[in-house]
Amino acid sequence: MEPILESVILHLVRPEDLNHHGTLFAGQMAKWLVEAGFITASRLCGKPQDVVCVQVNEMNFKKPVNSGDIIELISRVAYLGATSITVNSEVHRRGDKGALISNMATFVTVDGKNKPYKHGFSLTEEYISKNKGIYEAAVKIRTRGNAGF
């Protein structure tokens with residue numbers, strides 16, 4: 001069976017998701033981005049109980065998100081370490097060119113005693129070539145520290 005390396009999630013932005021400026025609260029967006037990354041990492045390894053988030057990187061807002069917007073979170077595996085799964089997530093809104101928000105998060109596979117274990121997955125050269133931008137961004141994040149994942 002082919003590994004699942006991408007997830008797409010839709011959210012309706014509601015009034016309770018907004019900040020005091022009337023736009024999407026960054027904390028709510030962070031929650032949704034980590035959740036989307038977790039789902040993608042869990043779908044890859046097939047064991048959600050074995051996946052934990054260890055690092056959230058760079059949540060970049062390029063445009064505001066408003067109440068009533070339907071946003072699409074597209075999460076893709078960006079990099080695989082021995083025990084880690086780094087996921088890139090982008091938020092899109094119909095009619096806008098490019099991502100409104102982008103994010104990277106790293107997850108690690110752990111056993112029942114919270115000890116990391118090797119997940120055994122790897123990315124093909126074709127996948128890396130097709131997703132070169134997010135792969136290279138994930139490599140940069142790893143070289144800034146935490147390369148032990």
# chains A, B, ... in the order shown; residues from 1 in each chain; ligands from 1
call {"tool": "residues_around", "arguments": {"residues": "Trp32 of chain A", "least_positions_apart": "5", "cutoff": "12 Å", "atoms": "only C-alpha atoms", "output": "number ranges by chain"}}
result
A: 8-13, 17, 24-27, 37-39, 59, 71-75, 89-91, 101-103, 105
call {"tool": "select_by_dssp", "arguments": {"residues": "chain A", "states": "strand (DSSP E)", "output": "PDB file with N, CA and C atoms, in the first residue's frame"}}
result
ATOM      1  N   GLU A   6      -0.199  13.223   2.542  1.00  0.00           N
ATOM      2  CA  GLU A   6      -0.910  14.499   2.471  1.00  0.00           C
ATOM      3  C   GLU A   6      -2.306  14.363   3.070  1.00  0.00           C
ATOM      4  N   SER A   7      -2.765  15.433   3.699  1.00  0.00           N
ATOM      5  CA  SER A   7      -4.133  15.515   4.206  1.00  0.00           C
ATOM      6  C   SER A   7      -4.703  16.872   3.849  1.00  0.00           C
ATOM      7  N   VAL A   8      -6.002  16.928   3.640  1.00  0.00           N
ATOM      8  CA  VAL A   8      -6.706  18.188   3.375  1.00  0.00           C
ATOM      9  C   VAL A   8      -7.875  18.270   4.349  1.00  0.00           C
ATOM     10  N   ILE A   9      -7.952  19.396   5.050  1.00  0.00           N
ATOM     11  CA  ILE A   9      -9.005  19.620   6.040  1.00  0.00           C
ATOM     12  C   ILE A   9      -9.635  20.978   5.755  1.00  0.00           C
ATOM     13  N   LEU A  10     -10.960  21.047   5.830  1.00  0.00           N
ATOM     14  CA  LEU A  10     -11.674  22.315   5.660  1.00  0.00           C
ATOM     15  C   LEU A  10     -12.180  22.807   7.011  1.00  0.00           C
ATOM     16  N   HIS A  11     -12.144  24.119   7.198  1.00  0.00           N
ATOM     17  CA  HIS A  11     -12.696  24.741   8.404  1.00  0.00           C
ATOM     18  C   HIS A  11     -13.529  25.946   8.007  1.00  0.00           C
ATOM     19  N   LEU A  12     -14.660  26.110   8.670  1.00  0.00           N
ATOM     20  CA  LEU A  12     -15.451  27.325   8.576  1.00  0.00           C
ATOM     21  C   LEU A  12     -15.016  28.221   9.729  1.00  0.00           C
ATOM     22  N   VAL A  51       2.184   9.064  17.937  1.00  0.00           N
ATOM     23  CA  VAL A  51       2.670  10.317  17.365  1.00  0.00           C
ATOM     24  C   VAL A  51       2.522  11.451  18.380  1.00  0.00           C
ATOM     25  N   VAL A  52       3.623  12.180  18.612  1.00  0.00           N
ATOM     26  CA  VAL A  52       3.586  13.362  19.482  1.00  0.00           C
ATOM     27  C   VAL A  52       4.251  14.527  18.764  1.00  0.00           C
ATOM     28  N   CYS A  53       3.746  15.718  19.017  1.00  0.00           N
ATOM     29  CA  CYS A  53       4.330  16.941  18.455  1.00  0.00           C
ATOM     30  C   CYS A  53       5.475  17.380  19.353  1.00  0.00           C
ATOM     31  N   VAL A  54       6.640  17.644  18.746  1.00  0.00           N
ATOM     32  CA  VAL A  54       7.801  18.077  19.523  1.00  0.00           C
ATOM     33  C   VAL A  54       8.264  19.486  19.170  1.00  0.00           C
ATOM     34  N   GLN A  55       7.797  20.011  18.038  1.00  0.00           N
ATOM     35  CA  GLN A  55       8.246  21.340  17.645  1.00  0.00           C
ATOM     36  C   GLN A  55       7.263  21.964  16.654  1.00  0.00           C
ATOM     37  N   VAL A  56       6.951  23.234  16.880  1.00  0.00           N
ATOM     38  CA  VAL A  56       6.135  24.004  15.943  1.00  0.00           C
ATOM     39  C   VAL A  56       6.997  25.165  15.472  1.00  0.00           C
ATOM     40  N   ASN A  57       7.094  25.327  14.170  1.00  0.00           N
ATOM     41  CA  ASN A  57       7.946  26.351  13.580  1.00  0.00           C
ATOM     42  C   ASN A  57       7.140  27.309  12.722  1.00  0.00           C
ATOM     43  N   GLU A  58       7.550  28.530  12.688  1.00  0.00           N
ATOM     44  CA  GLU A  58       7.165  29.496  11.663  1.00  0.00           C
ATOM     45  C   GLU A  58       5.709  29.473  11.224  1.00  0.00           C
ATOM     46  N   MET A  59       4.857  30.098  11.980  1.00  0.00           N
ATOM     47  CA  MET A  59       3.484  30.281  11.530  1.00  0.00           C
ATOM     48  C   MET A  59       3.433  31.678  10.923  1.00  0.00           C
ATOM     49  N   ASN A  60       3.416  31.745   9.607  1.00  0.00           N
ATOM     50  CA  ASN A  60       3.480  33.015   8.889  1.00  0.00           C
ATOM     51  C   ASN A  60       2.119  33.388   8.311  1.00  0.00           C
ATOM     52  N   PHE A  61       1.579  34.547   8.757  1.00  0.00           N
ATOM     53  CA  PHE A  61       0.310  35.050   8.246  1.00  0.00           C
ATOM     54  C   PHE A  61       0.605  36.035   7.120  1.00  0.00           C
ATOM     55  N   ILE A  70     -14.267  30.004   4.442  1.00  0.00           N
ATOM     56  CA  ILE A  70     -14.013  28.564   4.463  1.00  0.00           C
ATOM     57  C   ILE A  70     -12.566  28.409   4.019  1.00  0.00           C
ATOM     58  N   ILE A  71     -11.751  27.871   4.921  1.00  0.00           N
ATOM     59  CA  ILE A  71     -10.334  27.725   4.616  1.00  0.00           C
ATOM     60  C   ILE A  71      -9.987  26.249   4.457  1.00  0.00           C
ATOM     61  N   GLU A  72      -8.988  26.009   3.635  1.00  0.00           N
ATOM     62  CA  GLU A  72      -8.521  24.667   3.341  1.00  0.00           C
ATOM     63  C   GLU A  72      -7.097  24.540   3.865  1.00  0.00           C
ATOM     64  N   LEU A  73      -6.881  23.599   4.772  1.00  0.00           N
ATOM     65  CA  LEU A  73      -5.547  23.317   5.288  1.00  0.00           C
ATOM     66  C   LEU A  73      -4.989  22.122   4.531  1.00  0.00           C
ATOM     67  N   ILE A  74      -3.904  22.355   3.824  1.00  0.00           N
ATOM     68  CA  ILE A  74      -3.252  21.288   3.070  1.00  0.00           C
ATOM     69  C   ILE A  74      -1.938  20.980   3.784  1.00  0.00           C
ATOM     70  N   SER A  75      -1.815  19.757   4.277  1.00  0.00           N
ATOM     71  CA  SER A  75      -0.620  19.347   5.011  1.00  0.00           C
ATOM     72  C   SER A  75       0.083  18.242   4.246  1.00  0.00           C
ATOM     73  N   ARG A  76       1.409  18.425   4.096  1.00  0.00           N
ATOM     74  CA  ARG A  76       2.236  17.445   3.373  1.00  0.00           C
ATOM     75  C   ARG A  76       3.469  17.104   4.199  1.00  0.00           C
ATOM     76  N   VAL A  77       3.859  15.853   4.152  1.00  0.00           N
ATOM     77  CA  VAL A  77       5.118  15.471   4.775  1.00  0.00           C
ATOM     78  C   VAL A  77       6.228  16.207   4.035  1.00  0.00           C
ATOM     79  N   ALA A  78       7.063  16.909   4.802  1.00  0.00           N
ATOM     80  CA  ALA A  78       8.146  17.692   4.211  1.00  0.00           C
ATOM     81  C   ALA A  78       9.491  16.998   4.362  1.00  0.00           C
ATOM     82  N   TYR A  79       9.649  16.253   5.456  1.00  0.00           N
ATOM     83  CA  TYR A  79      10.945  15.615   5.733  1.00  0.00           C
ATOM     84  C   TYR A  79      10.707  14.450   6.689  1.00  0.00           C
ATOM     85  N   LEU A  80      11.503  13.399   6.520  1.00  0.00           N
ATOM     86  CA  LEU A  80      11.453  12.268   7.436  1.00  0.00           C
ATOM     87  C   LEU A  80      12.838  12.014   8.012  1.00  0.00           C
ATOM     88  N   SER A  84      11.427  11.039  13.264  1.00  0.00           N
ATOM     89  CA  SER A  84      10.627  12.252  13.117  1.00  0.00           C
ATOM     90  C   SER A  84       9.890  12.327  11.787  1.00  0.00           C
ATOM     91  N   ILE A  85       8.809  13.117  11.826  1.00  0.00           N
ATOM     92  CA  ILE A  85       8.005  13.402  10.640  1.00  0.00           C
ATOM     93  C   ILE A  85       7.744  14.902  10.676  1.00  0.00           C
ATOM     94  N   THR A  86       8.362  15.645   9.755  1.00  0.00           N
ATOM     95  CA  THR A  86       8.137  17.086   9.682  1.00  0.00           C
ATOM     96  C   THR A  86       7.088  17.335   8.613  1.00  0.00           C
ATOM     97  N   VAL A  87       6.069  18.101   8.998  1.00  0.00           N
ATOM     98  CA  VAL A  87       4.920  18.344   8.131  1.00  0.00           C
ATOM     99  C   VAL A  87       4.811  19.836   7.838  1.00  0.00           C
ATOM    100  N   ASN A  88       4.623  20.164   6.580  1.00  0.00           N
ATOM    101  CA  ASN A  88       4.351  21.534   6.152  1.00  0.00           C
ATOM    102  C   ASN A  88       2.851  21.665   5.950  1.00  0.00           C
ATOM    103  N   SER A  89       2.283  22.733   6.501  1.00  0.00           N
ATOM    104  CA  SER A  89       0.853  22.990   6.305  1.00  0.00           C
ATOM    105  C   SER A  89       0.672  24.371   5.706  1.00  0.00           C
ATOM    106  N   GLU A  90      -0.260  24.473   4.785  1.00  0.00           N
ATOM    107  CA  GLU A  90      -0.614  25.750   4.167  1.00  0.00           C
ATOM    108  C   GLU A  90      -2.120  25.931   4.250  1.00  0.00           C
ATOM    109  N   VAL A  91      -2.520  27.196   4.445  1.00  0.00           N
ATOM    110  CA  VAL A  91      -3.932  27.528   4.515  1.00  0.00           C
ATOM    111  C   VAL A  91      -4.295  28.308   3.260  1.00  0.00           C
ATOM    112  N   HIS A  92      -5.346  27.858   2.587  1.00  0.00           N
ATOM    113  CA  HIS A  92      -5.800  28.496   1.356  1.00  0.00           C
ATOM    114  C   HIS A  92      -7.263  28.908   1.494  1.00  0.00           C
ATOM    115  N   ARG A  93      -7.609  29.951   0.756  1.00  0.00           N
ATOM    116  CA  ARG A  93      -9.002  30.412   0.671  1.00  0.00           C
ATOM    117  C   ARG A  93      -9.316  30.565  -0.809  1.00  0.00           C
ATOM    118  N   ILE A 101      -1.528  31.369   5.053  1.00  0.00           N
ATOM    119  CA  ILE A 101      -0.752  31.056   6.250  1.00  0.00           C
ATOM    120  C   ILE A 101       0.045  29.793   5.948  1.00  0.00           C
ATOM    121  N   SER A 102       1.274  29.737   6.461  1.00  0.00           N
ATOM    122  CA  SER A 102       2.077  28.521   6.311  1.00  0.00           C
ATOM    123  C   SER A 102       2.723  28.177   7.642  1.00  0.00           C
ATOM    124  N   ASN A 103       3.101  26.912   7.773  1.00  0.00           N
ATOM    125  CA  ASN A 103       3.617  26.413   9.042  1.00  0.00           C
ATOM    126  C   ASN A 103       4.384  25.121   8.827  1.00  0.00           C
ATOM    127  N   MET A 104       5.353  24.869   9.707  1.00  0.00           N
ATOM    128  CA  MET A 104       6.033  23.566   9.780  1.00  0.00           C
ATOM    129  C   MET A 104       5.893  23.077  11.214  1.00  0.00           C
ATOM    130  N   ALA A 105       5.674  21.796  11.371  1.00  0.00           N
ATOM    131  CA  ALA A 105       5.635  21.175  12.693  1.00  0.00           C
ATOM    132  C   ALA A 105       6.312  19.813  12.595  1.00  0.00           C
ATOM    133  N   THR A 106       7.010  19.439  13.670  1.00  0.00           N
ATOM    134  CA  THR A 106       7.711  18.156  13.698  1.00  0.00           C
ATOM    135  C   THR A 106       7.089  17.260  14.757  1.00  0.00           C
ATOM    136  N   PHE A 107       6.867  16.031  14.361  1.00  0.00           N
ATOM    137  CA  PHE A 107       6.280  15.005  15.209  1.00  0.00           C
ATOM    138  C   PHE A 107       7.274  13.864  15.325  1.00  0.00           C
ATOM    139  N   VAL A 108       7.203  13.118  16.412  1.00  0.00           N
ATOM    140  CA  VAL A 108       8.085  11.977  16.634  1.00  0.00           C
ATOM    141  C   VAL A 108       7.226  10.769  16.970  1.00  0.00           C
ATOM    142  N   THR A 109       7.659   9.604  16.488  1.00  0.00           N
ATOM    143  CA  THR A 109       6.982   8.362  16.841  1.00  0.00           C
ATOM    144  C   THR A 109       7.568   7.854  18.162  1.00  0.00           C
TER     145      THR A 109
END
call {"tool": "closest_residue", "arguments": {"among": "A:Glu16, A:Glu2, A:Asp50, A:Glu35", "to": "His119 of chain A", "atoms": "only C-alpha atoms"}}
result
A:Asp50
call {"tool": "atom_distance", "arguments": {"atom1": "atom CA of Ser67 of chain A", "atom2": "atom CA of Asn19 of chain A"}}
result
10.4 Å
call {"tool": "select_by_dssp", "arguments": {"residues": "chain A", "states": "alpha helix (DSSP H)", "output": "ChimeraX atom specification"}}
result
/A:26-45,125-130,132-143
call {"tool": "closest_residue", "arguments": {"among": "A:Pro3, A:Pro116, A:Pro15, A:Gly46", "to": "Gly68 of chain A", "atoms": "only C-alpha atoms"}}
result
A:Pro15
call {"tool": "closest_residue", "arguments": {"among": "A:Ala82, A:Val110, A:Leu5, A:Ile141", "to": "Leu44 of chain A", "atoms": "only C-alpha atoms"}}
result
A:Leu5
call {"tool": "atom_distance", "arguments": {"atom1": "atom CA of Gly98 of chain A", "atom2": "atom CA of Pro64 of chain A"}}
result
13.1 Å
call {"tool": "closest_residue", "arguments": {"among": "A:Lys62, A:Lys118, A:Asp69, A:Gly81", "to": "Tyr135 of chain A", "atoms": "only C-alpha atoms"}}
result
A:Gly81
call {"tool": "decode", "arguments": {"residues": "segment 76-126 of chain A", "atoms": "N, CA and C atoms", "output": "compact mmCIF listing (two decimals), in the first residue's frame"}}
result
# COMPACT_ATOMS: atom_id res chain seq x y z
N ARG A 76 1.41 18.42 4.10
CA ARG A 76 2.24 17.45 3.37
C ARG A 76 3.47 17.10 4.20
N VAL A 77 3.86 15.85 4.15
CA VAL A 77 5.12 15.47 4.77
C VAL A 77 6.23 16.21 4.03
N ALA A 78 7.06 16.91 4.80
CA ALA A 78 8.15 17.69 4.21
C ALA A 78 9.49 17.00 4.36
N TYR A 79 9.65 16.25 5.46
CA TYR A 79 10.94 15.62 5.73
C TYR A 79 10.71 14.45 6.69
N LEU A 80 11.50 13.40 6.52
CA LEU A 80 11.45 12.27 7.44
C LEU A 80 12.84 12.01 8.01
N GLY A 81 12.95 12.07 9.34
CA GLY A 81 14.15 11.63 10.03
C GLY A 81 13.93 10.18 10.45
N ALA A 82 14.84 9.65 11.22
CA ALA A 82 14.70 8.26 11.67
C ALA A 82 13.45 8.05 12.52
N THR A 83 13.18 9.01 13.41
CA THR A 83 12.01 8.91 14.29
C THR A 83 11.04 10.06 14.07
N SER A 84 11.43 11.04 13.26
CA SER A 84 10.63 12.25 13.12
C SER A 84 9.89 12.33 11.79
N ILE A 85 8.81 13.12 11.83
CA ILE A 85 8.00 13.40 10.64
C ILE A 85 7.74 14.90 10.68
N THR A 86 8.36 15.64 9.75
CA THR A 86 8.14 17.09 9.68
C THR A 86 7.09 17.34 8.61
N VAL A 87 6.07 18.10 9.00
CA VAL A 87 4.92 18.34 8.13
C VAL A 87 4.81 19.84 7.84
N ASN A 88 4.62 20.16 6.58
CA ASN A 88 4.35 21.53 6.15
C ASN A 88 2.85 21.67 5.95
N SER A 89 2.28 22.73 6.50
CA SER A 89 0.85 22.99 6.31
C SER A 89 0.67 24.37 5.71
N GLU A 90 -0.26 24.47 4.78
CA GLU A 90 -0.61 25.75 4.17
C GLU A 90 -2.12 25.93 4.25
N VAL A 91 -2.52 27.20 4.44
CA VAL A 91 -3.93 27.53 4.52
C VAL A 91 -4.30 28.31 3.26
N HIS A 92 -5.35 27.86 2.59
CA HIS A 92 -5.80 28.50 1.36
C HIS A 92 -7.26 28.91 1.49
N ARG A 93 -7.61 29.95 0.76
CA ARG A 93 -9.00 30.41 0.67
C ARG A 93 -9.32 30.57 -0.81
N ARG A 94 -10.46 30.07 -1.21
CA ARG A 94 -10.87 30.15 -2.62
C ARG A 94 -10.82 31.60 -3.10
N GLY A 95 -10.22 31.80 -4.25
CA GLY A 95 -10.13 33.13 -4.84
C GLY A 95 -8.84 33.86 -4.52
N ASP A 96 -8.07 33.37 -3.55
CA ASP A 96 -6.79 33.98 -3.21
C ASP A 96 -5.67 33.22 -3.89
N LYS A 97 -4.69 33.96 -4.36
CA LYS A 97 -3.53 33.34 -4.97
C LYS A 97 -2.50 33.03 -3.88
N GLY A 98 -2.07 31.81 -3.81
CA GLY A 98 -1.07 31.42 -2.83
C GLY A 98 -1.65 31.16 -1.45
N ALA A 99 -0.78 30.74 -0.56
CA ALA A 99 -1.19 30.41 0.80
C ALA A 99 -1.40 31.67 1.63
N LEU A 100 -2.42 31.65 2.48
CA LEU A 100 -2.66 32.74 3.43
C LEU A 100 -1.74 32.61 4.64
N ILE A 101 -1.53 31.37 5.05
CA ILE A 101 -0.75 31.06 6.25
C ILE A 101 0.04 29.79 5.95
N SER A 102 1.27 29.74 6.46
CA SER A 102 2.08 28.52 6.31
C SER A 102 2.72 28.18 7.64
N ASN A 103 3.10 26.91 7.77
CA ASN A 103 3.62 26.41 9.04
C ASN A 103 4.38 25.12 8.83
N MET A 104 5.35 24.87 9.71
CA MET A 104 6.03 23.57 9.78
C MET A 104 5.89 23.08 11.21
N ALA A 105 5.67 21.80 11.37
CA ALA A 105 5.64 21.17 12.69
C ALA A 105 6.31 19.81 12.60
N THR A 106 7.01 19.44 13.67
CA THR A 106 7.71 18.16 13.70
C THR A 106 7.09 17.26 14.76
N PHE A 107 6.87 16.03 14.36
CA PHE A 107 6.28 15.00 15.21
C PHE A 107 7.27 13.86 15.33
N VAL A 108 7.20 13.12 16.41
CA VAL A 108 8.08 11.98 16.63
C VAL A 108 7.23 10.77 16.97
N THR A 109 7.66 9.60 16.49
CA THR A 109 6.98 8.36 16.84
C THR A 109 7.57 7.85 18.16
N VAL A 110 6.66 7.53 19.09
CA VAL A 110 7.08 7.05 20.42
C VAL A 110 6.32 5.78 20.78
N ASP A 111 6.96 4.97 21.62
CA ASP A 111 6.31 3.74 22.08
C ASP A 111 5.45 4.04 23.32
N GLY A 112 4.94 3.02 23.95
CA GLY A 112 4.07 3.17 25.11
C GLY A 112 4.74 3.80 26.32
N LYS A 113 6.07 3.85 26.31
CA LYS A 113 6.83 4.47 27.41
C LYS A 113 7.39 5.82 27.00
N ASN A 114 6.86 6.36 25.90
CA ASN A 114 7.28 7.67 25.35
C ASN A 114 8.74 7.69 24.91
N LYS A 115 9.26 6.57 24.51
CA LYS A 115 10.62 6.49 23.96
C LYS A 115 10.52 6.51 22.43
N PRO A 116 11.29 7.39 21.79
CA PRO A 116 11.24 7.44 20.32
C PRO A 116 11.66 6.11 19.69
N TYR A 117 10.99 5.77 18.60
CA TYR A 117 11.39 4.59 17.84
C TYR A 117 11.42 4.93 16.36
N LYS A 118 12.21 4.17 15.61
CA LYS A 118 12.34 4.40 14.17
C LYS A 118 11.06 3.96 13.48
N HIS A 119 10.50 4.89 12.71
CA HIS A 119 9.23 4.59 12.03
C HIS A 119 9.42 3.79 10.75
N GLY A 120 10.59 3.82 10.14
CA GLY A 120 10.88 3.00 8.96
C GLY A 120 10.41 3.57 7.63
N PHE A 121 9.94 4.80 7.60
CA PHE A 121 9.48 5.41 6.35
C PHE A 121 10.58 6.27 5.74
N SER A 122 10.51 6.42 4.43
CA SER A 122 11.43 7.32 3.72
C SER A 122 10.68 7.95 2.56
N LEU A 123 11.20 9.07 2.11
CA LEU A 123 10.61 9.77 0.97
C LEU A 123 11.35 9.38 -0.30
N THR A 124 10.62 9.20 -1.38
CA THR A 124 11.25 8.87 -2.65
C THR A 124 11.89 10.12 -3.25
N GLU A 125 12.85 9.92 -4.10
CA GLU A 125 13.50 11.05 -4.80
C GLU A 125 12.46 11.82 -5.62
N GLU A 126 11.51 11.11 -6.19
CA GLU A 126 10.45 11.75 -6.98
C GLU A 126 9.61 12.68 -6.09
